Amino acid sequence: MSFTRSQRSGRIAACTAVAVAAGMLLAGPAAADGAPKPPTKVVKPADKRAGGTLPKSAPVAGTQKLQRSGQATEGSAAVNRPRFDVDSDGADDILYRGNSGSYYLKASSATGADTDFFMERSDPNEDFKDVIPAGDLNGNGRPELLQLSITGKLSMVEATSAYYTSTAQWSSGGWNAYNKLIAAGDLNGDGRPDLLARAHNGTLYLYPGNGRAGADTPYGDRIEIGTGWAKFDQITAGADFSGDGIPDVMATLPNGELYIYNGTGGVNSFLYDGEHIGNGWTTYNQISTLVSNNGSSYVFGRDLSGQAYLYQGLGAGRLADRFDFGKNWNHQALIVGQGGIPAHGKSELWGRTGEGTLFAYAGQNNGNFTDRQQISDDGGFPANEVGISLASSVNTSSFPSMLWTYGGGLYQEGNYVGGGWGIYKSLVGVGDLNNDGYGDLLALDGSNVLWFYESKGTVVGFFDRVRVGGGWGIYNKLLGAGDITGDGRADLVARGTDGALYVYPGTGSGTAPFSNRVQIGSGGWNGFTKLAAPGDITGDGLGDIVGTDSSGTAYRYEPTGLQGLNTFSGRGTIGTGWNTYKELF
């Protein structure tokens with residue numbers, strides 16, 4: 001889109017120039033007179049308690065270890081223990097976060113509606129990127145939760161029987177080195193719950209629990225236990241499906257194949273080789289595992305409609321036929337312990353009419369949107385005066401960040417950042433490009449050179465720009481809001497003037513944020529009059545693409561986790577009437 005200087009010159013106060021060519025964003029004077037009034041905050045879908053009653057039966061003694069080749073049999077019996085038993089009945093409970101950011105507990109012993117659960121936060125403005133049910137790390141009978149911030153800080157809190165958590169009892173930084181953390185249960189056979197961590201390159205590490213949670217770090221030094229785990233789009237663990245009382249790991253490939261890695265109990269290694277046990281698991285955008293109070297294990301799966309199912313383990317890695325568990329799970333923004341990489345920063349679509357009025361649609365985790373909401377004054381953002389970029393959150397918020405240019409100045413959520421931005425043809429906020437957790441900004445200048453601006457995160461504005469490279473005039477659209485390739489890093493999508501579609505995978509480096517482009521769509525993408533990246537609207541953690549054709553019909557393209565021309569699944573129809581809008585963001 002074009003970012004033009006305001007025509008309301010008589011209403012604009014002089015702006016202090018900035019040395020953009022040098023990448024300097026100097027603090028400017030007050031915002032220009034007549035600047036648009038910031039839009040109102042988008043109202044997300046109302047919370048709905050998730051349906052379903054957790055299976056329960058009379059507790060029985062723990063299952064004895066079954067001897068396998070090379071496995072020791074000494075010691076006490078292994079027990080299939082729950083990771084998150086808040087009501088102390090010996091079974092897993094489910095914790096989830098609604099669209100509002102509030103948490104709810106589905107207790108296995110409850111007979112009524114799910115109860116509110118208060119999650120202590122060090123930053124009241126932050127919804128954690130992920131929450132992991134860690135098990136009882138200190139042996140006091142209460143389960144712990146691990147909270148992963150967008151900046152890579154991992155904090156441990158304890159869940160109380162009164163359905164709230166303690167303040168953080170331990171915190172540690174640097175966990176953004178991994179794209180997935182998995183509560184594994186006791187994999188090394190010492191009776192303490194362990195943690196699995198997958199690096200972006202697919203290396204899997206074990207952090208052994210040490211029993212010192214609350215008084216010291218809860219885990220010992222990491223141990224590398226395998227490579228090649230980048231191929232899995234979902235990983236979950238902590239329940240026994242082999243019948244030996246030792247927790248196993250389950251993982252799905254993007255093509256829907258389900259694998260089980262049986263735990264060894266820490267003899268010579270931690271996991272046996274994977275075994276293929278099922279197909280068709282692309283049905284579910286999130287999976288998890290549960291343990292009931294008689295030691296039975298279940299796989300939980302949520303489909304696109306929000307219907308959840310359970311599969312009971314039959315031993316030897318086999319699963320019974322699924323049965324309906326409950327509805328309304330698409331209303332949950334995060335299911336604690338879910339198998340996919342969680343998304344953060346954007347899940348909505350904005351439209352600007354020809355008159356300059358803004359409307360917004362909130363994502364519902366089912367591939368569609370809520371009814372539209374008018375979020376600006378009538379004609380408040382005329383296209384010939386105001387350029388707009390709806391960036392994936394540039395701070396700790398789970399909402400997108402609205403950036404706009406007016407009179408050559410840049411505004412961030414209504415705050416004036418600085419002048420000199422009239423040199424750019426477009427601004428694109430694809431998400432976190434340098435692995436610090438905050439969404440960043442890309443700017444394309446009139447010479448078709450692309451620049452990277454690192455967000456300051458906790459304050460308004462950006463650091464000095466870094467040159468990405470020239471020659472970007474071969475594309476007529478740049479967009480992106482999150483992870484397209486399935487590695488947990490934000491990616492840039494580019495449409496060529498010939499109608500082909502490409503992705504520039506994110507690297508996590510601020511100095512070289514993208515690797516070489518990969519073609520992900522053959523010719524024909526020029527058939528869309530509008531393209532936008534609303535973030536994750538299907539609940540699988542991957543960023544989706546929306547395109548509208550000349551008839552005004554909108555289509556959704558969701559990433560599969562596969563590569564190249566298989567990056568997107570077949571398109572899904574969102575609806576008609578989208579010619580109402582001149583632009584989508």
# chains A, B, ... in the order shown; residues from 1 in each chain; ligands from 1
call {"tool": "residues_around", "arguments": {"residues": "Val546 in chain A", "least_positions_apart": "3", "cutoff": "10 Å", "atoms": "only C-alpha atoms", "output": "list in words"}}
result
Leu349, Phe528, Lys530, Leu531, Ala532, Ala533, Pro534, Gly535, Ala554, Tyr555, Arg556, Tyr557, Glu558, Arg571, Gly572, Thr573, Ile574, Leu584 and Phe585 of chain A
call {"tool": "write_last_selection", "arguments": {"atoms": "C-alpha atoms", "output": "PDB file, in the first residue's frame"}}
result
ATOM      1  CA  LEU A 349      -8.451  -8.954  10.748  1.00  0.00           C
ATOM      2  CA  PHE A 528      -6.672 -11.951  -5.046  1.00  0.00           C
ATOM      3  CA  LYS A 530      -6.576  -8.176  -1.267  1.00  0.00           C
ATOM      4  CA  LEU A 531      -4.239 -10.331   0.866  1.00  0.00           C
ATOM      5  CA  ALA A 532      -3.823 -10.118   4.633  1.00  0.00           C
ATOM      6  CA  ALA A 533      -2.211 -12.048   7.467  1.00  0.00           C
ATOM      7  CA  PRO A 534      -4.593 -12.169  10.459  1.00  0.00           C
ATOM      8  CA  GLY A 535      -2.333 -14.369  12.583  1.00  0.00           C
ATOM      9  CA  ALA A 554     -12.803 -14.266   1.237  1.00  0.00           C
ATOM     10  CA  TYR A 555     -10.766 -17.461   1.533  1.00  0.00           C
ATOM     11  CA  ARG A 556      -8.558 -18.836   4.293  1.00  0.00           C
ATOM     12  CA  TYR A 557      -5.241 -20.577   3.674  1.00  0.00           C
ATOM     13  CA  GLU A 558      -3.850 -22.414   6.690  1.00  0.00           C
ATOM     14  CA  ARG A 571      -8.465 -23.092   0.932  1.00  0.00           C
ATOM     15  CA  GLY A 572     -11.539 -22.659   3.088  1.00  0.00           C
ATOM     16  CA  THR A 573     -14.282 -20.142   2.349  1.00  0.00           C
ATOM     17  CA  ILE A 574     -14.833 -17.447   4.981  1.00  0.00           C
ATOM     18  CA  LEU A 584      -7.446  -5.513   4.685  1.00  0.00           C
ATOM     19  CA  PHE A 585      -4.825  -5.636   7.444  1.00  0.00           C
TER      20      PHE A 585
END
call {"tool": "residues_around", "arguments": {"residues": "Phe359 in chain A", "least_positions_apart": "3", "cutoff": "10 Å", "atoms": "only C-alpha atoms", "output": "list in words"}}
result
Pro39, Val42, Leu349, Trp350, Gly351, Arg352, Thr353, Gly356, Asp371, Arg372, Gln373, Gln374, Ile375, Ser376, Tyr581 and Leu584 of chain A
call {"tool": "write_last_selection", "arguments": {"atoms": "C-alpha atoms", "output": "mmCIF file, in the first residue's frame"}}
result
data_model
loop_
_atom_site.group_PDB
_atom_site.id
_atom_site.type_symbol
_atom_site.label_atom_id
_atom_site.label_comp_id
_atom_site.auth_asym_id
_atom_site.auth_seq_id
_atom_site.Cartn_x
_atom_site.Cartn_y
_atom_site.Cartn_z
ATOM 1 C CA PRO A 39 -9.248 3.204 17.209
ATOM 2 C CA VAL A 42 -11.171 -4.879 19.513
ATOM 3 C CA LEU A 349 -8.451 -8.954 10.748
ATOM 4 C CA TRP A 350 -9.122 -5.275 10.075
ATOM 5 C CA GLY A 351 -10.774 -3.694 7.058
ATOM 6 C CA ARG A 352 -10.751 -0.082 5.853
ATOM 7 C CA THR A 353 -13.627 1.142 3.711
ATOM 8 C CA GLY A 356 -11.690 5.520 5.655
ATOM 9 C CA ASP A 371 -19.176 -10.226 13.592
ATOM 10 C CA ARG A 372 -17.492 -7.004 12.612
ATOM 11 C CA GLN A 373 -16.948 -4.152 15.028
ATOM 12 C CA GLN A 374 -16.576 -0.518 14.025
ATOM 13 C CA ILE A 375 -13.442 0.676 15.794
ATOM 14 C CA SER A 376 -12.865 4.160 14.347
ATOM 15 C CA TYR A 581 -13.278 -2.808 2.076
ATOM 16 C CA LEU A 584 -7.446 -5.513 4.685
#
call {"tool": "residues_around", "arguments": {"residues": "range 442-458 of chain A", "least_positions_apart": "5", "cutoff": "7 Å", "atoms": "only C-alpha atoms", "output": "ChimeraX atom specification"}}
result
/A:394-395,423-429,463-473
call {"tool": "write_last_selection", "arguments": {"atoms": "N, CA, C and O atoms", "output": "tab-separated table (two decimals), in the first residue's frame"}}
result
chain	number	residue	atom	x	y	z
A	394	VAL	N	4.03	-5.71	19.29
A	394	VAL	CA	5.41	-5.23	19.48
A	394	VAL	C	5.74	-5.10	20.96
A	394	VAL	O	6.79	-4.54	21.31
A	395	ASN	N	4.85	-5.61	21.84
A	395	ASN	CA	5.12	-5.57	23.28
A	395	ASN	C	4.65	-6.88	23.90
A	395	ASN	O	4.57	-7.89	23.22
A	423	ILE	N	9.26	8.31	3.65
A	423	ILE	CA	10.12	7.69	2.63
A	423	ILE	C	9.73	6.24	2.36
A	423	ILE	O	10.22	5.63	1.41
A	424	TYR	N	8.84	5.67	3.20
A	424	TYR	CA	8.51	4.26	3.07
A	424	TYR	C	7.20	4.05	2.33
A	424	TYR	O	6.21	4.74	2.56
A	425	LYS	N	7.21	3.05	1.44
A	425	LYS	CA	6.01	2.67	0.71
A	425	LYS	C	5.09	1.78	1.53
A	425	LYS	O	3.88	1.82	1.36
A	426	SER	N	5.66	0.98	2.38
A	426	SER	CA	4.83	0.08	3.20
A	426	SER	C	5.57	-0.31	4.47
A	426	SER	O	6.81	-0.30	4.52
A	427	LEU	N	4.81	-0.61	5.48
A	427	LEU	CA	5.30	-1.11	6.77
A	427	LEU	C	4.65	-2.46	7.03
A	427	LEU	O	3.44	-2.63	6.81
A	428	VAL	N	5.45	-3.42	7.49
A	428	VAL	CA	4.94	-4.77	7.73
A	428	VAL	C	5.42	-5.24	9.10
A	428	VAL	O	6.63	-5.24	9.37
A	429	GLY	N	4.48	-5.64	9.95
A	429	GLY	CA	4.83	-6.16	11.27
A	429	GLY	C	4.55	-7.64	11.35
A	429	GLY	O	3.44	-8.05	11.69
A	463	PHE	N	14.46	0.67	17.69
A	463	PHE	CA	15.88	0.96	17.66
A	463	PHE	C	16.30	1.28	16.22
A	463	PHE	O	15.51	1.19	15.27
A	464	ASP	N	17.58	1.65	16.06
A	464	ASP	CA	18.09	2.02	14.75
A	464	ASP	C	17.83	0.91	13.73
A	464	ASP	O	17.95	-0.27	14.03
A	465	ARG	N	17.53	1.32	12.53
A	465	ARG	CA	17.19	0.36	11.50
A	465	ARG	C	18.42	-0.40	11.01
A	465	ARG	O	19.55	0.08	11.09
A	466	VAL	N	18.17	-1.60	10.48
A	466	VAL	CA	19.21	-2.46	9.90
A	466	VAL	C	18.77	-2.80	8.48
A	466	VAL	O	17.62	-3.20	8.26
A	467	ARG	N	19.68	-2.68	7.53
A	467	ARG	CA	19.35	-2.96	6.13
A	467	ARG	C	19.21	-4.47	5.92
A	467	ARG	O	20.13	-5.23	6.22
A	468	VAL	N	18.07	-4.90	5.40
A	468	VAL	CA	17.86	-6.30	5.06
A	468	VAL	C	18.38	-6.58	3.67
A	468	VAL	O	19.06	-7.58	3.43
A	469	GLY	N	18.06	-5.71	2.72
A	469	GLY	CA	18.55	-5.91	1.36
A	469	GLY	C	17.71	-5.17	0.33
A	469	GLY	O	16.60	-4.70	0.63
A	470	GLY	N	18.21	-5.06	-0.89
A	470	GLY	CA	17.51	-4.41	-1.97
A	470	GLY	C	16.85	-5.40	-2.92
A	470	GLY	O	16.90	-6.61	-2.73
A	471	GLY	N	16.21	-4.85	-3.95
A	471	GLY	CA	15.61	-5.68	-4.98
A	471	GLY	C	14.22	-6.18	-4.67
A	471	GLY	O	13.73	-7.09	-5.36
A	472	TRP	N	13.55	-5.62	-3.69
A	472	TRP	CA	12.24	-6.11	-3.29
A	472	TRP	C	11.12	-5.61	-4.19
A	472	TRP	O	9.95	-5.91	-3.96
A	473	GLY	N	11.47	-4.89	-5.25
A	473	GLY	CA	10.46	-4.44	-6.20
A	473	GLY	C	9.87	-5.56	-7.04
A	473	GLY	O	8.89	-5.34	-7.76
call {"tool": "residues_around", "arguments": {"residues": "Leu492 in chain A", "least_positions_apart": "4", "cutoff": "10 Å", "atoms": "only C-alpha atoms", "output": "PDB file with N, CA and C atoms, in the first residue's frame"}}
result
ATOM      1  N   VAL A 428       5.446  -3.419   7.492  1.00  0.00           N
ATOM      2  CA  VAL A 428       4.944  -4.770   7.728  1.00  0.00           C
ATOM      3  C   VAL A 428       5.417  -5.236   9.103  1.00  0.00           C
ATOM      4  N   GLY A 429       4.483  -5.636   9.951  1.00  0.00           N
ATOM      5  CA  GLY A 429       4.833  -6.156  11.275  1.00  0.00           C
ATOM      6  C   GLY A 429       4.555  -7.638  11.346  1.00  0.00           C
ATOM      7  N   VAL A 430       5.548  -8.456  10.999  1.00  0.00           N
ATOM      8  CA  VAL A 430       5.321  -9.900  10.880  1.00  0.00           C
ATOM      9  C   VAL A 430       5.417 -10.643  12.203  1.00  0.00           C
ATOM     10  N   GLY A 431       6.007 -10.025  13.208  1.00  0.00           N
ATOM     11  CA  GLY A 431       6.208 -10.701  14.484  1.00  0.00           C
ATOM     12  C   GLY A 431       7.645 -10.557  14.934  1.00  0.00           C
ATOM     13  N   LEU A 433      11.347 -11.051  15.060  1.00  0.00           N
ATOM     14  CA  LEU A 433      12.360 -11.476  14.095  1.00  0.00           C
ATOM     15  C   LEU A 433      13.730 -11.715  14.713  1.00  0.00           C
ATOM     16  N   LEU A 442       9.132  -4.145   9.646  1.00  0.00           N
ATOM     17  CA  LEU A 442       9.859  -4.056   8.386  1.00  0.00           C
ATOM     18  C   LEU A 442       9.332  -2.851   7.617  1.00  0.00           C
ATOM     19  N   LEU A 478       3.925  -7.672   0.544  1.00  0.00           N
ATOM     20  CA  LEU A 478       4.672  -8.285   1.645  1.00  0.00           C
ATOM     21  C   LEU A 478       3.730  -8.378   2.834  1.00  0.00           C
ATOM     22  N   LEU A 479       3.708  -9.530   3.474  1.00  0.00           N
ATOM     23  CA  LEU A 479       2.821  -9.693   4.614  1.00  0.00           C
ATOM     24  C   LEU A 479       3.309 -10.846   5.490  1.00  0.00           C
ATOM     25  N   GLY A 480       2.670 -10.966   6.629  1.00  0.00           N
ATOM     26  CA  GLY A 480       2.995 -12.042   7.557  1.00  0.00           C
ATOM     27  C   GLY A 480       2.616 -11.656   8.965  1.00  0.00           C
ATOM     28  N   ALA A 481       2.180 -12.620   9.746  1.00  0.00           N
ATOM     29  CA  ALA A 481       1.878 -12.395  11.158  1.00  0.00           C
ATOM     30  C   ALA A 481       2.084 -13.693  11.898  1.00  0.00           C
ATOM     31  N   GLY A 482       3.352 -14.030  12.113  1.00  0.00           N
ATOM     32  CA  GLY A 482       3.646 -15.239  12.853  1.00  0.00           C
ATOM     33  C   GLY A 482       4.366 -16.282  12.026  1.00  0.00           C
ATOM     34  N   ASP A 483       4.237 -17.515  12.474  1.00  0.00           N
ATOM     35  CA  ASP A 483       4.999 -18.646  11.955  1.00  0.00           C
ATOM     36  C   ASP A 483       4.242 -19.338  10.824  1.00  0.00           C
ATOM     37  N   ILE A 484       4.855 -19.386   9.646  1.00  0.00           N
ATOM     38  CA  ILE A 484       4.273 -20.075   8.504  1.00  0.00           C
ATOM     39  C   ILE A 484       4.881 -21.468   8.332  1.00  0.00           C
ATOM     40  N   TYR A 502       5.955 -16.678  -2.095  1.00  0.00           N
ATOM     41  CA  TYR A 502       7.204 -17.136  -1.496  1.00  0.00           C
ATOM     42  C   TYR A 502       7.174 -16.873   0.006  1.00  0.00           C
ATOM     43  N   VAL A 503       7.972 -17.645   0.738  1.00  0.00           N
ATOM     44  CA  VAL A 503       8.197 -17.377   2.151  1.00  0.00           C
ATOM     45  C   VAL A 503       9.681 -17.199   2.378  1.00  0.00           C
ATOM     46  N   TYR A 504      10.008 -16.200   3.198  1.00  0.00           N
ATOM     47  CA  TYR A 504      11.366 -15.999   3.694  1.00  0.00           C
ATOM     48  C   TYR A 504      11.358 -16.451   5.152  1.00  0.00           C
ATOM     49  N   PRO A 505      11.861 -17.666   5.423  1.00  0.00           N
ATOM     50  CA  PRO A 505      11.818 -18.172   6.804  1.00  0.00           C
ATOM     51  C   PRO A 505      12.644 -17.309   7.754  1.00  0.00           C
ATOM     52  N   GLY A 506      12.072 -17.038   8.919  1.00  0.00           N
ATOM     53  CA  GLY A 506      12.793 -16.283   9.934  1.00  0.00           C
ATOM     54  C   GLY A 506      13.940 -17.081  10.518  1.00  0.00           C
ATOM     55  N   PRO A 513      17.703 -11.391   9.379  1.00  0.00           N
ATOM     56  CA  PRO A 513      16.472 -11.986   9.901  1.00  0.00           C
ATOM     57  C   PRO A 513      15.847 -13.075   9.047  1.00  0.00           C
ATOM     58  N   PHE A 514      16.275 -13.236   7.781  1.00  0.00           N
ATOM     59  CA  PHE A 514      15.640 -14.215   6.910  1.00  0.00           C
ATOM     60  C   PHE A 514      16.659 -15.091   6.207  1.00  0.00           C
ATOM     61  N   ARG A 517      14.653 -17.481   0.238  1.00  0.00           N
ATOM     62  CA  ARG A 517      13.226 -17.664  -0.009  1.00  0.00           C
ATOM     63  C   ARG A 517      12.924 -19.073  -0.525  1.00  0.00           C
TER      64      ARG A 517
END
call {"tool": "closest_residue", "arguments": {"among": "A:Lys582, A:Ser296, A:Gly326, A:Pro254", "to": "Phe568 in chain A", "atoms": "only C-alpha atoms"}}
result
A:Pro254
call {"tool": "atom_distance", "arguments": {"atom1": "CA of Thr236 in chain A", "atom2": "CA of Asp190 in chain A"}}
result
20.6 Å
call {"tool": "residues_around", "arguments": {"residues": "range 193-208 of chain A", "least_positions_apart": "3", "cutoff": "9 Å", "atoms": "only C-alpha atoms", "output": "ChimeraX atom specification"}}
result
/A:83,134-137,175-188,190,211,218-232,237-238,270,487-489
call {"tool": "write_last_selection", "arguments": {"atoms": "N, CA and C atoms", "output": "short mmCIF file (atom, residue, chain, number, x, y, z; two decimals), in the first residue's frame"}}
result
data_model
loop_
_atom_site.label_atom_id
_atom_site.label_comp_id
_atom_site.auth_asym_id
_atom_site.auth_seq_id
_atom_site.Cartn_x
_atom_site.Cartn_y
_atom_site.Cartn_z
N ARG A 83 0.16 -35.03 35.95
CA ARG A 83 1.04 -33.86 36.01
C ARG A 83 0.37 -32.67 36.65
N ALA A 134 3.80 -28.98 35.11
CA ALA A 134 5.12 -29.60 35.35
C ALA A 134 5.08 -30.82 36.24
N GLY A 135 3.97 -31.04 36.96
CA GLY A 135 3.95 -32.10 37.96
C GLY A 135 4.33 -31.57 39.33
N ASP A 136 4.45 -32.45 40.30
CA ASP A 136 4.84 -32.08 41.67
C ASP A 136 6.36 -32.07 41.75
N LEU A 137 6.95 -30.88 41.58
CA LEU A 137 8.40 -30.77 41.47
C LEU A 137 9.12 -30.80 42.82
N TRP A 175 15.12 -19.20 27.86
CA TRP A 175 14.35 -20.35 27.36
C TRP A 175 13.77 -20.12 25.97
N ASN A 176 14.02 -18.93 25.39
CA ASN A 176 13.66 -18.71 23.99
C ASN A 176 14.64 -19.41 23.06
N ALA A 177 15.61 -20.14 23.62
CA ALA A 177 16.47 -21.01 22.80
C ALA A 177 15.68 -22.21 22.27
N TYR A 178 14.47 -22.42 22.81
CA TYR A 178 13.65 -23.57 22.43
C TYR A 178 12.33 -23.09 21.83
N ASN A 179 11.79 -23.90 20.93
CA ASN A 179 10.47 -23.57 20.39
C ASN A 179 9.36 -24.39 21.02
N LYS A 180 9.71 -25.34 21.89
CA LYS A 180 8.69 -26.13 22.56
C LYS A 180 9.24 -26.71 23.85
N LEU A 181 8.46 -26.55 24.94
CA LEU A 181 8.75 -27.17 26.23
C LEU A 181 7.64 -28.16 26.54
N ILE A 182 8.01 -29.36 27.01
CA ILE A 182 7.04 -30.43 27.23
C ILE A 182 7.25 -31.02 28.62
N ALA A 183 6.19 -31.01 29.43
CA ALA A 183 6.25 -31.68 30.72
C ALA A 183 6.21 -33.18 30.49
N ALA A 184 7.27 -33.88 30.88
CA ALA A 184 7.47 -35.27 30.45
C ALA A 184 7.10 -36.29 31.50
N GLY A 185 6.81 -35.89 32.74
CA GLY A 185 6.71 -36.87 33.80
C GLY A 185 8.09 -37.39 34.15
N ASP A 186 8.15 -38.50 34.85
CA ASP A 186 9.43 -39.05 35.30
C ASP A 186 10.02 -39.96 34.24
N LEU A 187 10.90 -39.41 33.41
CA LEU A 187 11.51 -40.19 32.33
C LEU A 187 12.77 -40.93 32.76
N ASN A 188 13.45 -40.42 33.79
CA ASN A 188 14.72 -41.05 34.15
C ASN A 188 14.60 -42.00 35.33
N ASP A 190 13.76 -41.63 38.55
CA ASP A 190 14.16 -41.28 39.92
C ASP A 190 13.00 -40.78 40.76
N GLY A 211 14.05 -32.22 42.63
CA GLY A 211 13.37 -32.21 43.93
C GLY A 211 13.63 -30.99 44.76
N PRO A 218 14.59 -25.95 39.87
CA PRO A 218 13.93 -27.27 39.96
C PRO A 218 14.53 -28.34 39.06
N TYR A 219 15.47 -27.97 38.20
CA TYR A 219 16.01 -28.93 37.24
C TYR A 219 17.53 -28.96 37.26
N GLY A 220 18.08 -30.12 36.95
CA GLY A 220 19.51 -30.25 36.77
C GLY A 220 19.94 -29.83 35.38
N ASP A 221 21.22 -29.97 35.08
CA ASP A 221 21.75 -29.60 33.77
C ASP A 221 21.09 -30.42 32.67
N ARG A 222 20.94 -29.79 31.53
CA ARG A 222 20.25 -30.47 30.42
C ARG A 222 21.11 -31.60 29.85
N ILE A 223 20.41 -32.57 29.27
CA ILE A 223 21.05 -33.73 28.65
C ILE A 223 20.48 -33.88 27.25
N GLU A 224 21.33 -33.91 26.24
CA GLU A 224 20.85 -34.11 24.89
C GLU A 224 20.41 -35.56 24.72
N ILE A 225 19.18 -35.75 24.20
CA ILE A 225 18.68 -37.12 24.08
C ILE A 225 18.28 -37.49 22.66
N GLY A 226 18.39 -36.56 21.71
CA GLY A 226 18.04 -36.93 20.34
C GLY A 226 18.01 -35.75 19.41
N THR A 227 18.08 -36.03 18.12
CA THR A 227 17.97 -35.01 17.08
C THR A 227 16.84 -35.40 16.13
N GLY A 228 16.52 -34.50 15.22
CA GLY A 228 15.49 -34.79 14.22
C GLY A 228 14.07 -34.53 14.68
N TRP A 229 13.89 -33.91 15.82
CA TRP A 229 12.54 -33.70 16.35
C TRP A 229 11.84 -32.50 15.74
N ALA A 230 12.53 -31.76 14.86
CA ALA A 230 11.88 -30.63 14.18
C ALA A 230 10.78 -31.10 13.23
N LYS A 231 10.79 -32.36 12.85
CA LYS A 231 9.80 -32.87 11.90
C LYS A 231 8.40 -32.95 12.50
N PHE A 232 8.28 -32.90 13.82
CA PHE A 232 6.98 -33.05 14.46
C PHE A 232 6.32 -31.69 14.67
N ALA A 237 3.48 -35.33 26.22
CA ALA A 237 4.09 -36.41 27.02
C ALA A 237 3.46 -36.43 28.40
N GLY A 238 4.01 -37.32 29.25
CA GLY A 238 3.62 -37.35 30.64
C GLY A 238 2.66 -38.44 31.04
N PHE A 270 16.61 -42.55 27.41
CA PHE A 270 15.35 -42.13 28.02
C PHE A 270 14.13 -42.52 27.19
N ASP A 487 8.36 -23.75 12.56
CA ASP A 487 9.53 -23.85 13.45
C ASP A 487 9.45 -22.91 14.64
N GLY A 488 8.36 -22.17 14.78
CA GLY A 488 8.20 -21.27 15.90
C GLY A 488 8.74 -19.88 15.68
N ARG A 489 9.32 -19.59 14.52
CA ARG A 489 9.84 -18.26 14.21
C ARG A 489 8.91 -17.54 13.24
#
call {"tool": "atom_distance", "arguments": {"atom1": "CA of Ile235 in chain A", "atom2": "CA of Asn366 in chain A"}}
result
21.1 Å
call {"tool": "residues_around", "arguments": {"residues": "Thr289 in chain A", "least_positions_apart": "2", "cutoff": "8 Å", "atoms": "only C-alpha atoms", "output": "compact mmCIF listing (two decimals) with N, CA, C and O atoms, in the first residue's frame"}}
result
# COMPACT_ATOMS: atom_id res chain seq x y z
N THR A 236 3.56 -34.16 22.83
CA THR A 236 2.98 -34.16 24.17
C THR A 236 3.50 -35.38 24.92
O THR A 236 3.96 -36.36 24.30
N ALA A 237 3.48 -35.33 26.22
CA ALA A 237 4.09 -36.41 27.02
C ALA A 237 3.46 -36.43 28.40
O ALA A 237 2.54 -35.68 28.71
N GLY A 238 4.01 -37.32 29.25
CA GLY A 238 3.62 -37.35 30.64
C GLY A 238 2.66 -38.44 31.04
O GLY A 238 2.31 -38.58 32.21
N ALA A 239 2.17 -39.24 30.07
CA ALA A 239 1.25 -40.34 30.38
C ALA A 239 1.80 -41.64 29.81
O ALA A 239 2.55 -41.65 28.83
N ILE A 287 -3.38 -31.37 20.54
CA ILE A 287 -3.54 -32.62 21.27
C ILE A 287 -2.85 -32.48 22.63
O ILE A 287 -2.02 -31.59 22.84
N VAL A 291 -4.04 -38.33 32.54
CA VAL A 291 -4.02 -39.54 33.37
C VAL A 291 -5.22 -39.51 34.29
O VAL A 291 -5.49 -38.50 34.95
N SER A 297 -4.59 -43.86 30.78
CA SER A 297 -4.11 -42.70 30.03
C SER A 297 -5.04 -42.41 28.86
O SER A 297 -5.64 -43.32 28.27
N TYR A 298 -5.12 -41.13 28.51
CA TYR A 298 -5.98 -40.68 27.43
C TYR A 298 -5.23 -39.68 26.57
O TYR A 298 -4.41 -38.90 27.06
N VAL A 299 -5.57 -39.68 25.28
CA VAL A 299 -5.14 -38.62 24.39
C VAL A 299 -6.34 -37.71 24.15
O VAL A 299 -7.44 -38.18 23.83
N PHE A 300 -6.11 -36.42 24.33
CA PHE A 300 -7.13 -35.39 24.10
C PHE A 300 -6.86 -34.75 22.75
O PHE A 300 -5.72 -34.44 22.41
call {"tool": "select_by_dssp", "arguments": {"residues": "range 242-344 of chain A", "states": "helix (DSSP H, G or I)", "output": "ChimeraX atom specification"}}
result
/A:281-283,329-331
call {"tool": "residues_around", "arguments": {"residues": "Lys56 in chain A", "least_positions_apart": "2", "cutoff": "10 Å", "atoms": "only C-alpha atoms", "output": "VMD selection string"}}
result
chain A and resid 53 to 54 58 to 59 89 to 92 108 to 109 291 to 296
